[in-house]
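Contents: one structure, followed by commentary.
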Amino acid sequence: MADVNIEGLSLGEDREEEGFCFDLDEEGDEVGDLSWCLVGRFLCDRPIHLNSMRSKVADIWSPVKGVSIKKADEGLFIFNFDHVLDMEAVLTGGAWTFDNNLLIVERVKIGVQIENIPLFHVTFWIQVHNLPAGMMLEKVGKALGNFAGSFVEYDRNNNTSFWRKYMRLRVRIDVRQSLKKGTKVKNKGGEWCNVLFKYERLGMFCFVCGILGHTEAKCEVKFSMTSDDGKREWSSDLRADNKRSGSNAGSKWLKDDSAGIGKSIDGESRSEESVEPTETAAA
């Protein structure tokens, strides 16, 4: 019987499995294409009609160079843009809804399976109402934004008018947490004032628990109640009004203060009716 060379042979069950490890750079055709891709899911418990969603979302976004939308996995979609500026406009312009269902999107991460990319955060524009005079300041906005979620941006274009009804903040929200309705701030006289948050383009949310993605008919908190007294902590007051109020009356003595209203967040002019797109989109 021939001798068998068993040097280096291990029969242990805890032997580490061998595999390949690659150093990926952000070059090459495939990686370059993925860098302009978003992965997303809709915050709902029912299937999304792909063709209807593709057409409606593309119409809402209106990307200059176009977008391809494909189903990647059950409940997961890939949005592939032909230009980085179109992708950035989607990331900064949300939140987005289809059929009143909130869309959660994140950049595709090179070297990470798309099903392992966490999809739990949405960026909203929040209006802060009832602030005392003199408190429409960015440092105030940062503190309030971090209370509502994670502060992203302060809308300086909202400061162009000499009188502002509300402060406008861009805030990253965890959809697993209840929406913040507002908080209290102390005015210069030492009195506490209630400030209210209103969310632009807010999709479906529950009046019982304040969490996005379902109504009270599907709320686990409601089903766990021994009795329901009908009281609700959240209401439709959280939705920001999509329409801007104004008057058609004119006077040669009246200064034109519409410049700030007609500007987008990047400073470019836009029409009155397109200041804030429709909150919901029917399939």
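Labels for the structure tokens follow display order: chains A, B, ..., residues from 1 in each chain, ligands from 1.
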
What's around range 222-235 of chain A at 8 Å? Count only C-alpha atoms, leave out sequence neighbours fewer than 3 positions away in its own chain, and write the answer as a ChimeraX atom specification. /A:181,206-210,216,219,238

If we count only C-alpha atoms, what is near Leu103 in chain A at a cut-off of 8 Å, once residues fewer than 3 positions away on the same chain are taken out, given as a list in words? Gly40, Arg41, Phe42, Leu43, Ala95, Trp96, Thr97, Phe98 and Val122 of chain A

Deliver the residues from the most recent selection as a file, using C-alpha atoms, as a PDB file, in the first residue's frame.
ATOM      1  CA  GLY A  40     -35.974  51.030  -3.432  1.00  0.00           C
ATOM      2  CA  ARG A  41     -39.117  49.569  -1.954  1.00  0.00           C
ATOM      3  CA  PHE A  42     -42.608  50.867  -1.335  1.00  0.00           C
ATOM      4  CA  LEU A  43     -43.834  51.051   2.227  1.00  0.00           C
ATOM      5  CA  ALA A  95     -40.328  62.211  -0.453  1.00  0.00           C
ATOM      6  CA  TRP A  96     -42.032  60.330  -3.310  1.00  0.00           C
ATOM      7  CA  THR A  97     -45.238  58.317  -3.326  1.00  0.00           C
ATOM      8  CA  PHE A  98     -47.061  56.039  -5.732  1.00  0.00           C
ATOM      9  CA  VAL A 122     -36.894  58.685   3.938  1.00  0.00           C
TER      10      VAL A 122
END

Near range 76-84 of chain A, counting only C-alpha atoms, which residues have an atom at most 12 Å away, once you skip same-chain residues fewer than 5 positions from it, shown as a PyMOL selection string? chain A and resi 30+32-44+47-50+53-54+57-58+61-71+89-91+103-108+113-119

I need the chosen residues saved as a short mmCIF file (atom, residue, chain, number, x, y, z; two decimals), in the first residue's frame, with C-alpha atoms.
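New file selection-v1.cif:
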data_model
loop_
_atom_site.label_atom_id
_atom_site.label_comp_id
_atom_site.auth_asym_id
_atom_site.auth_seq_id
_atom_site.Cartn_x
_atom_site.Cartn_y
_atom_site.Cartn_z
CA GLU A 30 -20.43 47.69 -14.69
CA GLY A 32 -19.85 52.87 -13.35
CA ASP A 33 -23.43 51.95 -14.25
CA LEU A 34 -24.22 50.88 -10.69
CA SER A 35 -22.99 54.21 -9.32
CA TRP A 36 -26.04 55.84 -10.94
CA CYS A 37 -28.48 53.28 -9.56
CA LEU A 38 -30.91 53.43 -6.67
CA VAL A 39 -32.56 50.49 -4.95
CA GLY A 40 -35.97 51.03 -3.43
CA ARG A 41 -39.12 49.57 -1.95
CA PHE A 42 -42.61 50.87 -1.33
CA LEU A 43 -43.83 51.05 2.23
CA CYS A 44 -46.92 48.89 1.88
CA PRO A 47 -47.86 44.00 -4.43
CA ILE A 48 -47.02 46.98 -6.63
CA HIS A 49 -48.18 46.87 -10.25
CA LEU A 50 -44.87 47.21 -12.05
CA MET A 53 -45.56 52.25 -11.25
CA ARG A 54 -42.84 52.56 -13.91
CA VAL A 57 -42.85 57.37 -11.34
CA ALA A 58 -41.02 58.26 -14.55
CA TRP A 61 -39.50 62.43 -11.81
CA SER A 62 -39.21 63.56 -15.47
CA PRO A 63 -35.47 62.79 -15.69
CA VAL A 64 -33.77 64.69 -18.50
CA LYS A 65 -31.73 61.69 -19.65
CA GLY A 66 -34.26 59.03 -18.70
CA VAL A 67 -34.49 56.22 -16.18
CA SER A 68 -34.86 52.44 -16.37
CA ILE A 69 -36.97 50.75 -13.70
CA LYS A 70 -36.81 47.00 -13.09
CA LYS A 71 -37.98 44.57 -10.47
CA ALA A 89 -32.62 65.32 -8.20
CA VAL A 90 -34.58 62.28 -7.03
CA LEU A 91 -32.55 61.94 -3.84
CA LEU A 103 -41.08 55.06 -1.75
CA ILE A 104 -37.84 54.40 0.16
CA VAL A 105 -34.69 54.65 -1.97
CA GLU A 106 -30.97 54.40 -1.28
CA ARG A 107 -27.87 54.36 -3.45
CA VAL A 108 -26.70 50.96 -4.61
CA GLN A 113 -26.14 42.59 -2.14
CA ILE A 114 -29.12 44.85 -2.78
CA GLU A 115 -31.30 42.85 -0.37
CA ASN A 116 -28.81 43.73 2.38
CA ILE A 117 -29.04 47.49 1.79
CA PRO A 118 -31.15 48.90 4.66
CA LEU A 119 -34.28 50.65 3.41
#

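The space separating CA of Val128 in chain A from CA of Tyr166 in chain A comes to 5.2 Å.
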
Can you list, as number ranges by chain, every protein, DNA or RNA residue that comes within 12 Å of Met167 in chain A when you count only C-alpha atoms, leaving out same-chain residues fewer than 6 positions away? A: 125-142, 144-145, 153-161, 195-199

Can you spit out the residues from that selection as a compact mmCIF listing (two decimals), in the first residue's frame, using N, CA, C and O atoms?
# COMPACT_ATOMS: atom_id res chain seq x y z
N TRP A 125 -39.28 67.07 3.46
CA TRP A 125 -39.28 68.50 3.78
C TRP A 125 -40.35 68.71 4.83
O TRP A 125 -41.51 68.33 4.65
N ILE A 126 -39.95 69.28 5.96
CA ILE A 126 -40.86 69.54 7.07
C ILE A 126 -41.03 71.04 7.26
O ILE A 126 -40.05 71.79 7.26
N GLN A 127 -42.27 71.46 7.40
CA GLN A 127 -42.57 72.85 7.73
C GLN A 127 -42.75 72.97 9.25
O GLN A 127 -43.47 72.18 9.84
N VAL A 128 -42.11 73.95 9.83
CA VAL A 128 -42.22 74.20 11.27
C VAL A 128 -43.07 75.45 11.46
O VAL A 128 -42.66 76.56 11.12
N HIS A 129 -44.27 75.26 11.99
CA HIS A 129 -45.24 76.36 12.14
C HIS A 129 -45.29 76.85 13.60
O HIS A 129 -44.94 76.11 14.52
N ASN A 130 -45.72 78.09 13.75
CA ASN A 130 -45.96 78.73 15.06
C ASN A 130 -44.68 79.09 15.81
O ASN A 130 -44.71 79.24 17.03
N LEU A 131 -43.58 79.21 15.10
CA LEU A 131 -42.37 79.67 15.76
C LEU A 131 -42.52 81.15 16.16
O LEU A 131 -43.04 81.95 15.40
N PRO A 132 -42.04 81.53 17.34
CA PRO A 132 -42.06 82.94 17.74
C PRO A 132 -41.23 83.80 16.78
O PRO A 132 -40.26 83.32 16.18
N ALA A 133 -41.60 85.06 16.63
CA ALA A 133 -40.88 85.98 15.77
C ALA A 133 -39.42 86.07 16.19
O ALA A 133 -39.09 86.08 17.38
N GLY A 134 -38.55 86.08 15.19
CA GLY A 134 -37.12 86.18 15.46
C GLY A 134 -36.42 84.86 15.63
O GLY A 134 -35.20 84.82 15.82
N MET A 135 -37.18 83.74 15.55
CA MET A 135 -36.57 82.43 15.74
C MET A 135 -36.45 81.63 14.45
O MET A 135 -36.13 80.44 14.47
N MET A 136 -36.70 82.29 13.32
CA MET A 136 -36.53 81.61 12.02
C MET A 136 -35.04 81.60 11.67
O MET A 136 -34.59 82.26 10.72
N LEU A 137 -34.27 80.86 12.42
CA LEU A 137 -32.82 80.84 12.28
C LEU A 137 -32.34 79.41 12.00
O LEU A 137 -32.94 78.44 12.47
N GLU A 138 -31.23 79.29 11.27
CA GLU A 138 -30.73 77.98 10.91
C GLU A 138 -30.33 77.16 12.14
O GLU A 138 -30.56 75.95 12.18
N LYS A 139 -29.74 77.80 13.15
CA LYS A 139 -29.35 77.05 14.33
C LYS A 139 -30.56 76.50 15.07
O LYS A 139 -30.51 75.42 15.67
N VAL A 140 -31.67 77.23 15.02
CA VAL A 140 -32.92 76.72 15.58
C VAL A 140 -33.41 75.54 14.75
O VAL A 140 -33.85 74.51 15.27
N GLY A 141 -33.33 75.69 13.41
CA GLY A 141 -33.77 74.62 12.51
C GLY A 141 -32.99 73.34 12.69
O GLY A 141 -33.56 72.24 12.63
N LYS A 142 -31.68 73.44 12.91
CA LYS A 142 -30.87 72.24 13.10
C LYS A 142 -31.32 71.47 14.34
O LYS A 142 -31.43 70.24 14.31
N LEU A 144 -34.29 71.57 15.82
CA LEU A 144 -35.63 71.01 15.60
C LEU A 144 -35.58 69.85 14.61
O LEU A 144 -36.30 68.87 14.76
N GLY A 145 -34.72 69.96 13.59
CA GLY A 145 -34.59 68.88 12.63
C GLY A 145 -34.05 67.61 13.25
O GLY A 145 -34.52 66.51 12.95
N GLU A 153 -30.88 69.64 5.85
CA GLU A 153 -30.73 70.92 5.15
C GLU A 153 -31.72 71.94 5.67
O GLU A 153 -32.84 71.60 6.08
N TYR A 154 -31.30 73.17 5.67
CA TYR A 154 -32.15 74.31 6.01
C TYR A 154 -32.47 75.06 4.72
O TYR A 154 -31.56 75.42 3.96
N ASP A 155 -33.73 75.29 4.45
CA ASP A 155 -34.14 75.94 3.20
C ASP A 155 -33.98 77.45 3.30
O ASP A 155 -34.85 78.15 3.81
N ARG A 156 -32.87 77.95 2.81
CA ARG A 156 -32.62 79.39 2.85
C ARG A 156 -33.50 80.16 1.87
O ARG A 156 -33.76 81.34 2.06
N ASN A 157 -33.95 79.49 0.81
CA ASN A 157 -34.83 80.17 -0.16
C ASN A 157 -36.17 80.53 0.46
O ASN A 157 -36.88 81.39 -0.05
N ASN A 158 -36.51 79.85 1.54
CA ASN A 158 -37.75 80.18 2.23
C ASN A 158 -37.62 81.48 3.03
O ASN A 158 -38.59 81.97 3.59
N ASN A 159 -36.41 82.04 3.08
CA ASN A 159 -36.16 83.26 3.84
C ASN A 159 -36.26 84.52 3.00
O ASN A 159 -36.01 85.61 3.49
N THR A 160 -36.62 84.39 1.71
CA THR A 160 -36.59 85.55 0.84
C THR A 160 -37.72 86.54 1.14
O THR A 160 -37.61 87.71 0.84
N SER A 161 -38.79 86.05 1.73
CA SER A 161 -39.91 86.93 2.06
C SER A 161 -39.64 87.63 3.40
O SER A 161 -39.01 87.07 4.30
N VAL A 195 -44.80 74.43 18.86
CA VAL A 195 -44.54 74.52 17.42
C VAL A 195 -44.99 73.21 16.78
O VAL A 195 -44.89 72.13 17.38
N LEU A 196 -45.53 73.31 15.57
CA LEU A 196 -46.12 72.18 14.89
C LEU A 196 -45.32 71.81 13.66
O LEU A 196 -44.82 72.68 12.94
N PHE A 197 -45.20 70.50 13.41
CA PHE A 197 -44.53 70.00 12.21
C PHE A 197 -45.58 69.59 11.18
O PHE A 197 -46.57 68.93 11.52
N LYS A 198 -45.33 69.98 9.94
CA LYS A 198 -46.16 69.54 8.83
C LYS A 198 -45.24 68.96 7.75
O LYS A 198 -44.28 69.60 7.36
N TYR A 199 -45.57 67.77 7.29
CA TYR A 199 -44.71 67.03 6.37
C TYR A 199 -45.20 67.18 4.93
O TYR A 199 -46.38 66.92 4.65

Show which residues sit within 8 Å of Leu212 in chain A, as a list in words. Count only C-alpha atoms, and ignore same-chain residues fewer than 2 positions away. Leu43, Val175, Arg176, Ser178, Leu179, Gly203, Met204, Phe205, Cys206, Gly210 and His214 of chain A

Taking the backbone alone, and naming residues the way the document does, which bits of range 75-205 of chain A are strand (DSSP E) by DSSP, as JSON, numbers by chain? {"A": [76, 77, 78, 79, 80, 81, 96, 97, 98, 101, 102, 103, 104, 105, 106, 107, 121, 122, 123, 124, 125, 126, 127, 128, 129, 150, 151, 152, 153, 154, 166, 167, 168, 169, 170, 171, 172, 173, 174, 182, 183, 184, 185, 186, 192, 193, 194, 195, 196, 197, 198, 199]}

What is the CA of Leu169 in chain A to CA of Arg201 in chain A distance in Å?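 CA of Arg201 in chain A lies at a distance of 13.5 Å from CA of Leu169 in chain A.
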
Determine which residues of range 5-166 of chain A DSSP labels as helix (DSSP H, G or I) from the backbone of this structure, then write them out as a ChimeraX atom specification. /A:29-34,50-61,84-93,114-116,138-148,156-159

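A straight line drawn from CA of Lys218 in chain A to CA of Asn101 in chain A is 14.4 Å long.
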